[in-house]
Structure formats: structure tokens, C-alpha cells
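Asker: Take a look at the following structure, please.
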Amino acid sequence: MSGDGMSDAERRVWAALPADVRERLDALPASGLTTLLLSLARTRAARVRPAEVLRRWREDRFVRPADCDPRATAAVQTLLWDLLPTEVAGVELSPVVPLGTCAAVTPGSQNRIVTATRPIEVVSDPTNALAVEAGSPSSTPLWCGNASPTRSGPP
């Protein structure tokens with residue numbers, strides 16, 4: 001990082017684009033930028049083939065299943081909930097939050113946050129992730145997945 005707060009990789013990418021692109025993108029309303037990013041994601045997703053999905057499933061730490069047994073996790077969660085007073089309310093959080101939530105609430109860097117502009121998707125239907133896991137060579141034959149579906153709306 002240098003005095004401008006950008007990494008070398010960021011500077012290389014911006015240097016390869018016309019000079020005013022950053023300012024023009026930054027000036028777009030949030031809905032316009034979202035439309036642009038969704039359009040780019042749709043175009044890139046259309047080029048992805050099943051073999052690439054399986055390769056990423058094996059290599060990308062963001063999409064691999066956790067190493068823990070979900071039954072053990074559920075048992076610990078149940079124990080912890082049982083220890084809480086009954087007046088404590090539970091809430092099932094969404095697996096996504098508005099962009100900037102972590103930066104606004106903590107002093108952390110946005111570079112350490114998985115945002116929707118990275119080449120991943122938030123789980124919208126756990127059966128899709130389960131199907132990819134079932135097709136993975138390292139898959140165990142009997143398991144049950146657990147994920148909270150998140151849907152952004154109609155296609």
C-alpha cells in the first residue's frame with residue numbers, strides 16, 4: 001500500500017482503464033452500479049462450465065464445505081441455547097449484510113470482507129451447493145447440508 005491507500009494490484013488495474021472510469025463508476029447511483037455489476041456477473045457466469053465449477057469447489061477456500069460435522073455444531077448450539085435465560089430471544093441471521101456494514105461497525109478493512117463483487121455467489125438454494133458437493137471426488141456418500149437460503153428476487 002502506498003499513500004493513496006491502494007495496493008499495487010489495484011493501481012495496475014486502474015492504470016489499465018481510461019483515466020475517468022473510476023470517477024464515473026463512483027458517481028453512479030448505487031442502483032446503477034448494482035445493475036452494471038449484475039450484468040457483468042451474468043455475462044461471466046454464462047461462460048462457466050461444470051469442470052470449472054468443480055475445480056473452484058476444490059480450490060477456493062470460500063466455497064468449500066466446513067470440516068466440522070454439522071450434528072456436532074448443532075449439539076453445541078443447542079447446549080448453549082439451553083444455558084441462556086428463556087427471555088433471551090434468538091434470531092437467524094441472513095448470510096449477507098448491506099455493503100459497508102463491517103466497515104461502518106468495525107475498524108476493519110473492506111479488503112478483508114467477501115463482497116458480492118467477488119467471483120462467488122451467496123447460497124440462494126442449498127440444494128445447488130449440495131449437488132456440487134455430491135459431484136466432488138472427495139464427497140462422502142451420506143450427508144445432510146445446512147445453509148440459509150438467500151434469494152435476491154426474480155431472475
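In the C-alpha cells, the first chain shown is A, the next is B, and so on; residue numbers restart at 1 for each chain, and ligands run from 1 in the order shown.
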Quick one: residues within 10 Å of A:Pro98, only C-alpha atoms counted, chain neighbours fewer than 3 positions away excluded, as a list in words?

Answerer: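 The filter keeps Thr101, Cys102 and Thr115 of chain A.
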
Asker: Using N, CA, C and O atoms, can you write the selected residues to a file as a short mmCIF file (atom, residue, chain, number, x, y, z; two decimals), in the first residue's frame?

Answerer:
data_model
loop_
_atom_site.label_atom_id
_atom_site.label_comp_id
_atom_site.auth_asym_id
_atom_site.auth_seq_id
_atom_site.Cartn_x
_atom_site.Cartn_y
_atom_site.Cartn_z
N THR A 101 -21.33 -2.69 5.87
CA THR A 101 -21.73 -2.95 7.26
C THR A 101 -20.51 -3.13 8.15
O THR A 101 -20.39 -2.49 9.20
N CYS A 102 -19.60 -3.99 7.75
CA CYS A 102 -18.42 -4.25 8.58
C CYS A 102 -17.54 -3.02 8.71
O CYS A 102 -17.05 -2.71 9.79
N THR A 115 -17.26 -9.57 -0.60
CA THR A 115 -18.36 -8.77 -1.12
C THR A 115 -18.98 -9.46 -2.33
O THR A 115 -18.42 -10.40 -2.88
#

Asker: Please measure the separation of atom CA of A:Glu133 and atom CA of A:Val53, giving the value in Å to one decimal.

Answerer: 10.4 Å

Asker: Counting only C-alpha atoms, what is within 12 Å of A:Ile113, bar same-chain residues fewer than 5 positions away, as a ChimeraX atom specification?

Answerer: /A:62,96-103,106,108,118
